[in-house]
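The structure appears below as structure tokens.
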2 protein chains.
Amino acid sequence: MINIVIIGSGNVASHLIKAFAKSEVVEVIQVFSRKNNFLSDFLPSEKITNIFSNIKEADLYILAVSDSAIEEVSKQLLFKNKLVVHTSGAVNLDAISNSNRRGVFYPLQTFSKNKEVNFQEIPICIEAENEEDIRVLHLVAKSISQKVYDVDSNQRKALHVSAVFVNNFTNYMYQIGETICSENNIDFQIVQPLIIETVNKINTLSPKEAQTGPAKRGDTNTINNHLEFLRDSNFKEIYKLLTKSIIDDGKKL
Amino acid sequence: MINIVIIGSGNVASHLIKAFAKSEVVEVIQVFSRKNNFLSDFLPSEKITNIFSNIKEADLYILAVSDSAIEEVSKQLLFKNKLVVHTSGAVNLDAISNSNRRGVFYPLQTFSKNKEVNFQEIPICIEAENEEDIRVLHLVAKSISQKVYDVDSNQRKALHVSAVFVNNFTNYMYQIGETICSENNIDFQIVQPLIIETVNKINTLSPKEAQTGPAKRGDTNTINNHLEFLRDSNFKEIYKLLTKSIIDDGKKL
């Protein structure tokens, strides 16, 4: 058994705790949480602590805290030369205090409190400073996911930026679409099959090959009609900029 | 049997021809195509014509031509007082010559030549000028799709703009994500589960509730790191504008 202590109680922490509960290789022996909140719903109280000096000896410490807290929390750990990893896509490995062996255990997914996820399908991006630590992180990651990747700090940053586009910004496109529909008394469900087909297409075509629509066709008539239709000034600017960028991109061929 | 003539041989026309081939209510008795192209692969040659005066008597004529050709082609039809519909999300019903009864038969989907679609799942938006024509269009639409909606011209325009955001622009977000990955030697497959989860989430949460990420959190540190990371000037502008808009939107609550 690989013994783990998880530090944190946010979305990532609680999804990891639930995922490891099913693992036969890994045991979460303790969770550190400053807020004694909902953790007690699915953990026995003797496994929860809010005192740094009570943190147990373990093979791996996972800092599942907010990006800005990683550095500070890692400095408050009282032990030395243990494997300590964070779970962030955006933060460098060396944000972790160098009194311990440092690593990254980044699950590339969007976690919401009220939405279950299947961890088996979530890519976990691993980084550490020596072979043995990498091996341990692989074992731990593979115990909950089929998709484990070695990703260095620069690649992880690229992945994180890419994730902002394909997740946050895509979701914002959905939000704009929904706003336009609801302002015109249209059920947003009507465009759901289109949303699903948009995703399905890129299984067989590259996004560039899959592109259709007025910008791709250079259909200025429709583009102008749409701009006239849009009232919200941000939506209008977004429409203009993305249309321009798709057109510019077509010229790059 | 409802007899149909399809005018056009592009993506929408050929997908419609294939869908109606399975219908027991509708028969495509003829296709008009100026280019005598691939249609002969799946239609007997006596069903294809490129001469307006040879167009047969039918219950419904579907103009599956480009937006800019609708008006001109509709004027070249030699018959009068027949039901003639176009398939465009962007064009008003009255673009069709008023020598015939006019309507719209708009399948809200993205069609690519090399990608089969399941028409049963494609919403078809119907509009016509009288009850009887609406009834016929419903019968025809329901023979190939489970999802048939009455949508007026203004709502159809809203749907079309919405579709540009959730399809064209979302697909462009994928393209940017792929570009960033490939520039950093990362397999774009790593972000696929994130793309799928982004879609799945909005089955249970509204896009606004589902939003996560640095813009939503107001995490200026990560936002600035990402902007520094991005080299392409369009990508940088898009990142800035969407981030600003998500932040503005959060304030609207």
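Residue numbers start at 1 in each chain; chains themselves are named A, B, ... in the order of the structure tokens; ligands are numbered from 1 in the order shown.
In chain B, the set of residues within 6 Å of chain A (atoms considered: only C-alpha atoms) is Gln109, Ser162, Phe165, Val166, Asn167, Thr170, Asn171, Met173, Tyr174, Gln175, Gly177, Leu194, Thr198 and Pro207 of chain B.
Residues in contact range of Asp59 (chain A), defined as at most 10 Å between only C-alpha atoms, with sequence neighbours fewer than 2 positions away removed, read Met1, Ile2, Asn3, Ile4, Val5, Val26, Lys56, Glu57, Tyr61, Lys82, Leu83, Val84, Asp133 and Val136 of chain A.
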Next, write the just-selected residues to a file, as a compact mmCIF listing (two decimals), in the first residue's frame, keeping C-alpha atoms as the atom set.
```txt
# COMPACT_ATOMS: atom_id res chain seq x y z
CA MET A 1 0.00 0.00 0.00
CA ILE A 2 1.12 3.53 -0.81
CA ASN A 3 0.07 5.83 2.04
CA ILE A 4 -1.09 9.30 1.12
CA VAL A 5 -1.96 12.45 3.01
CA VAL A 26 -3.29 3.61 -2.48
CA LYS A 56 1.19 11.66 9.76
CA GLU A 57 4.18 9.99 8.12
CA TYR A 61 1.66 14.36 0.33
CA LYS A 82 9.35 13.68 1.69
CA LEU A 83 7.58 13.59 -1.71
CA VAL A 84 5.22 16.60 -1.87
CA ASP A 133 9.45 9.76 -7.40
CA VAL A 136 5.66 6.36 -7.37
```
Expressed in Å, the length from CA of Ile7 (chain B) to CA of Val140 (chain B) is 16.0 Å
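What separates CA of Gln76 (chain A) from CA of Ile55 (chain A) is a distance of 11.1 Å.
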Chain B on chain A, least-squares, complete ordered Cα pairing, as a CSV table (one decimal) with C-alpha atoms, in the first residue's frame:
```csv
chain,number,residue,atom,x,y,z
B,1,MET,CA,0.0,0.0,0.0
B,2,ILE,CA,1.1,3.5,-0.8
B,3,ASN,CA,0.1,5.8,2.0
B,4,ILE,CA,-1.1,9.3,1.1
B,5,VAL,CA,-1.9,12.5,3.0
B,6,ILE,CA,-4.1,14.9,1.2
B,7,ILE,CA,-3.9,18.6,2.2
B,8,GLY,CA,-6.9,20.6,1.2
B,9,SER,CA,-10.7,20.1,1.1
B,10,GLY,CA,-11.8,21.9,-2.1
B,11,ASN,CA,-13.2,20.3,-5.3
B,12,VAL,CA,-9.9,18.6,-6.4
B,13,ALA,CA,-9.2,17.3,-2.9
B,14,SER,CA,-12.7,15.8,-2.4
B,15,HIS,CA,-12.8,14.3,-5.9
B,16,LEU,CA,-9.3,12.7,-5.3
B,17,ILE,CA,-10.4,11.4,-1.9
B,18,LYS,CA,-13.4,9.7,-3.5
B,19,ALA,CA,-11.3,8.3,-6.4
B,20,PHE,CA,-8.6,6.9,-4.1
B,21,ALA,CA,-11.3,5.2,-1.9
B,22,LYS,CA,-11.7,2.7,-4.7
B,23,SER,CA,-8.0,2.2,-5.3
B,24,GLU,CA,-6.4,-1.1,-4.1
B,25,VAL,CA,-2.9,0.3,-4.3
B,26,VAL,CA,-3.3,3.6,-2.5
B,27,GLU,CA,-4.7,4.5,0.9
B,28,VAL,CA,-5.5,8.0,2.0
B,29,ILE,CA,-4.5,7.8,5.6
B,30,GLN,CA,-5.2,11.4,6.5
B,31,VAL,CA,-6.7,14.7,5.2
B,32,PHE,CA,-5.6,18.1,6.4
B,33,SER,CA,-8.2,20.7,6.3
B,34,ARG,CA,-8.4,24.1,7.9
B,35,LYS,CA,-12.1,24.1,7.6
B,36,ASN,CA,-13.7,21.1,9.3
B,37,ASN,CA,-16.4,21.0,6.7
B,38,PHE,CA,-18.2,18.4,4.6
B,39,LEU,CA,-15.2,16.0,4.7
B,40,SER,CA,-16.8,14.3,7.7
B,41,ASP,CA,-19.6,13.2,5.4
B,42,PHE,CA,-17.3,10.6,3.8
B,43,LEU,CA,-14.3,10.3,6.1
B,44,PRO,CA,-14.0,9.0,9.7
B,45,SER,CA,-13.2,12.0,11.9
B,46,GLU,CA,-9.9,10.4,13.1
B,47,LYS,CA,-8.6,10.8,9.6
B,48,ILE,CA,-9.1,14.6,9.5
B,49,THR,CA,-6.8,17.1,11.1
B,50,ASN,CA,-6.3,20.8,11.1
B,51,ILE,CA,-3.0,20.9,12.9
B,52,PHE,CA,0.2,20.8,10.9
B,53,SER,CA,2.1,19.0,13.7
B,54,ASN,CA,-0.4,16.2,13.7
B,55,ILE,CA,0.2,15.3,10.0
B,56,LYS,CA,1.2,11.7,9.8
B,57,GLU,CA,4.2,10.0,8.1
B,58,ALA,CA,3.3,9.0,4.6
B,59,ASP,CA,4.8,8.1,1.2
B,60,LEU,CA,3.2,11.0,-0.6
B,61,TYR,CA,1.7,14.4,0.3
B,62,ILE,CA,-0.8,15.9,-2.2
B,63,LEU,CA,-1.3,19.7,-1.8
B,64,ALA,CA,-4.7,20.1,-3.3
B,65,VAL,CA,-5.0,23.7,-2.4
B,66,SER,CA,-5.6,26.9,-4.4
B,67,ASP,CA,-2.7,28.0,-6.7
B,68,SER,CA,-1.9,31.0,-4.5
B,69,ALA,CA,-1.7,28.8,-1.3
B,70,ILE,CA,0.8,26.2,-2.6
B,71,GLU,CA,3.9,28.0,-1.7
B,72,GLU,CA,2.8,29.1,1.8
B,73,VAL,CA,1.2,25.8,2.8
B,74,SER,CA,4.3,23.9,1.6
B,75,LYS,CA,6.5,26.0,3.9
B,76,GLN,CA,4.3,25.1,6.9
B,77,LEU,CA,4.9,21.4,6.5
B,78,LEU,CA,7.2,20.3,9.4
B,79,PHE,CA,8.7,17.2,7.9
B,80,LYS,CA,11.7,17.1,5.5
B,81,ASN,CA,12.8,15.2,2.4
B,82,LYS,CA,9.3,13.7,1.7
B,83,LEU,CA,7.6,13.6,-1.7
B,84,VAL,CA,5.2,16.6,-1.9
B,85,VAL,CA,3.2,17.3,-5.0
B,86,HIS,CA,0.7,20.0,-6.0
B,87,THR,CA,-2.3,19.5,-8.3
B,88,SER,CA,-2.1,22.7,-10.3
B,89,GLY,CA,-1.8,23.2,-14.1
B,90,ALA,CA,-0.6,26.7,-13.7
B,91,VAL,CA,2.0,26.6,-11.0
B,92,ASN,CA,5.7,25.7,-11.3
B,93,LEU,CA,7.1,22.7,-9.5
B,94,ASP,CA,9.5,24.9,-7.6
B,95,ALA,CA,6.7,26.8,-5.9
B,96,ILE,CA,6.8,24.0,-3.4
B,97,SER,CA,9.4,24.5,-0.6
B,98,ASN,CA,12.6,22.8,-1.4
B,99,SER,CA,12.9,21.2,2.1
B,100,ASN,CA,10.9,18.3,0.5
B,101,ARG,CA,11.2,16.4,-2.8
B,102,ARG,CA,8.9,18.1,-5.2
B,103,GLY,CA,6.5,17.0,-7.9
B,104,VAL,CA,3.2,17.7,-9.7
B,105,PHE,CA,0.1,15.5,-9.9
B,106,TYR,CA,-2.2,17.5,-12.2
B,107,PRO,CA,-5.6,16.0,-13.1
B,108,LEU,CA,-6.6,17.8,-16.3
B,109,GLN,CA,-10.3,18.1,-15.8
B,110,THR,CA,-13.0,20.6,-14.7
B,111,PHE,CA,-14.3,19.8,-11.3
B,112,SER,CA,-17.6,21.1,-9.9
B,113,LYS,CA,-18.9,20.3,-6.5
B,114,ASN,CA,-22.2,18.9,-7.7
B,115,LYS,CA,-21.1,16.9,-10.7
B,116,GLU,CA,-19.5,13.4,-10.3
B,117,VAL,CA,-16.7,12.6,-12.6
B,118,ASN,CA,-15.2,9.2,-13.8
B,119,PHE,CA,-11.6,9.5,-12.8
B,120,GLN,CA,-10.6,6.5,-15.0
B,121,GLU,CA,-11.0,8.9,-18.0
B,122,ILE,CA,-9.2,11.9,-16.5
B,123,PRO,CA,-5.7,12.5,-17.8
B,124,ILE,CA,-3.2,12.9,-15.0
B,125,CYS,CA,0.0,14.8,-15.8
B,126,ILE,CA,3.0,13.8,-13.7
B,127,GLU,CA,6.2,15.6,-13.0
B,128,ALA,CA,9.0,15.0,-10.4
B,129,GLU,CA,12.7,15.6,-9.9
B,130,ASN,CA,13.9,12.0,-9.8
B,131,GLU,CA,13.2,8.6,-11.3
B,132,GLU,CA,11.9,7.0,-8.1
B,133,ASP,CA,9.4,9.8,-7.4
B,134,ILE,CA,8.2,9.6,-11.0
B,135,ARG,CA,7.7,5.9,-10.5
B,136,VAL,CA,5.7,6.4,-7.4
B,137,LEU,CA,3.5,9.1,-9.0
B,138,HIS,CA,2.8,6.8,-11.9
B,139,LEU,CA,1.7,4.0,-9.6
B,140,VAL,CA,-0.6,6.4,-7.7
B,141,ALA,CA,-2.0,7.9,-10.8
B,142,LYS,CA,-2.6,4.6,-12.6
B,143,SER,CA,-4.5,3.4,-9.5
B,144,ILE,CA,-7.3,5.9,-10.4
B,145,SER,CA,-6.8,6.7,-14.1
B,146,GLN,CA,-6.1,4.9,-17.3
B,147,LYS,CA,-4.5,8.1,-18.7
B,148,VAL,CA,-1.2,9.0,-17.2
B,149,TYR,CA,1.3,11.3,-18.9
B,150,ASP,CA,4.8,12.6,-18.2
B,151,VAL,CA,4.5,16.4,-18.7
B,152,ASP,CA,7.2,18.9,-17.9
B,153,SER,CA,6.5,22.3,-16.4
B,154,ASN,CA,6.5,24.2,-19.8
B,155,GLN,CA,4.2,21.6,-21.4
B,156,ARG,CA,1.9,21.7,-18.4
B,157,LYS,CA,1.6,25.5,-18.8
B,158,ALA,CA,0.7,25.0,-22.5
B,159,LEU,CA,-1.8,22.4,-21.6
B,160,HIS,CA,-3.3,24.7,-19.0
B,161,VAL,CA,-3.6,27.6,-21.5
B,162,SER,CA,-5.1,25.1,-24.0
B,163,ALA,CA,-7.6,24.0,-21.4
B,164,VAL,CA,-8.7,27.5,-20.8
B,165,PHE,CA,-9.6,27.8,-24.5
B,166,VAL,CA,-11.3,24.3,-24.9
B,167,ASN,CA,-13.1,24.4,-21.6
B,168,ASN,CA,-13.6,27.9,-20.0
B,169,PHE,CA,-13.9,29.8,-23.3
B,170,THR,CA,-15.9,27.1,-25.0
B,171,ASN,CA,-18.3,27.0,-22.0
B,172,TYR,CA,-18.5,30.8,-22.4
B,173,MET,CA,-19.5,30.3,-26.1
B,174,TYR,CA,-22.3,28.1,-24.8
B,175,GLN,CA,-23.3,30.8,-22.3
B,176,ILE,CA,-23.5,33.4,-25.1
B,177,GLY,CA,-25.6,31.0,-27.2
B,178,GLU,CA,-27.9,30.4,-24.3
B,179,THR,CA,-28.3,34.1,-23.6
B,180,ILE,CA,-29.2,34.8,-27.3
B,181,CYS,CA,-31.7,31.9,-27.3
B,182,SER,CA,-33.4,32.9,-24.0
B,183,GLU,CA,-33.7,36.6,-25.1
B,184,ASN,CA,-35.6,35.3,-28.2
B,185,ASN,CA,-37.8,32.8,-26.3
B,186,ILE,CA,-36.0,29.8,-27.8
B,187,ASP,CA,-35.3,26.6,-25.9
B,188,PHE,CA,-31.5,26.3,-25.7
B,189,GLN,CA,-32.1,22.5,-26.1
B,190,ILE,CA,-32.6,23.1,-29.8
B,191,VAL,CA,-28.9,23.8,-30.3
B,192,GLN,CA,-27.7,20.8,-28.1
B,193,PRO,CA,-27.4,18.4,-31.1
B,194,LEU,CA,-25.2,21.0,-32.8
B,195,ILE,CA,-23.0,21.3,-29.7
B,196,ILE,CA,-22.6,17.5,-29.6
B,197,GLU,CA,-21.9,17.2,-33.3
B,198,THR,CA,-19.2,19.9,-33.0
B,199,VAL,CA,-17.4,17.7,-30.5
B,200,ASN,CA,-18.0,14.5,-32.4
B,201,LYS,CA,-16.6,16.0,-35.6
B,202,ILE,CA,-13.1,16.5,-34.2
B,203,ASN,CA,-12.8,12.8,-33.6
B,204,THR,CA,-12.5,12.3,-37.3
B,205,LEU,CA,-11.5,15.7,-38.6
B,206,SER,CA,-9.0,18.3,-37.3
B,207,PRO,CA,-10.7,21.4,-35.9
B,208,LYS,CA,-9.4,23.4,-38.9
B,209,GLU,CA,-10.9,20.9,-41.4
B,210,ALA,CA,-14.1,20.7,-39.4
B,211,GLN,CA,-14.7,24.5,-39.6
B,212,THR,CA,-17.8,25.8,-41.3
B,213,GLY,CA,-19.9,29.0,-41.1
B,214,PRO,CA,-19.9,32.5,-42.4
B,215,ALA,CA,-16.4,33.4,-41.3
B,216,LYS,CA,-14.9,30.4,-42.9
B,217,ARG,CA,-16.9,31.1,-46.1
B,218,GLY,CA,-16.0,34.8,-46.0
B,219,ASP,CA,-19.8,35.5,-46.2
B,220,THR,CA,-19.7,39.2,-45.3
B,221,ASN,CA,-23.4,39.6,-45.8
B,222,THR,CA,-24.3,37.1,-43.1
B,223,ILE,CA,-21.5,38.4,-40.8
B,224,ASN,CA,-22.9,41.9,-41.1
B,225,ASN,CA,-26.5,40.7,-40.4
B,226,HIS,CA,-25.3,38.9,-37.3
B,227,LEU,CA,-23.4,41.9,-36.1
B,228,GLU,CA,-26.5,44.1,-36.6
B,229,PHE,CA,-28.5,41.5,-34.7
B,230,LEU,CA,-26.2,41.4,-31.6
B,231,ARG,CA,-27.0,44.0,-29.0
B,232,ASP,CA,-24.6,43.2,-26.2
B,233,SER,CA,-21.4,45.1,-26.9
B,234,ASN,CA,-19.1,42.3,-25.5
B,235,PHE,CA,-20.8,39.7,-27.7
B,236,LYS,CA,-20.4,42.0,-30.7
B,237,GLU,CA,-16.7,42.4,-30.1
B,238,ILE,CA,-16.2,38.7,-29.6
B,239,TYR,CA,-18.1,38.0,-32.8
B,240,LYS,CA,-15.9,40.5,-34.7
B,241,LEU,CA,-12.6,39.3,-33.2
B,242,LEU,CA,-13.2,35.6,-33.7
B,243,THR,CA,-14.5,36.1,-37.2
B,244,LYS,CA,-11.4,38.2,-38.1
B,245,SER,CA,-9.2,35.5,-36.6
B,246,ILE,CA,-10.9,32.6,-38.5
B,247,ILE,CA,-10.5,34.7,-41.7
B,248,ASP,CA,-6.8,35.5,-41.0
B,249,ASP,CA,-6.2,31.8,-40.3
B,250,GLY,CA,-7.7,30.7,-43.6
B,251,LYS,CA,-5.2,32.9,-45.3
B,252,LYS,CA,-2.3,31.3,-43.5
B,253,LEU,CA,-2.7,28.0,-45.5
```
Assign secondary structure with DSSP using the backbone only, and return the residues of region 25-237 of chain A in strand (DSSP E) as a PyMOL selection string.
chain A and resi 26-32+48-49+60-63+83-86+101-107+124-128+148-150
### Message
For the alpha helix (DSSP H) assignment from backbone DSSP, which residues of region 42-213 of chain B qualify? Please present them as a ChimeraX atom specification.
### Response
/B:70-76,131-142,153-163,170-183,192-201,207-210
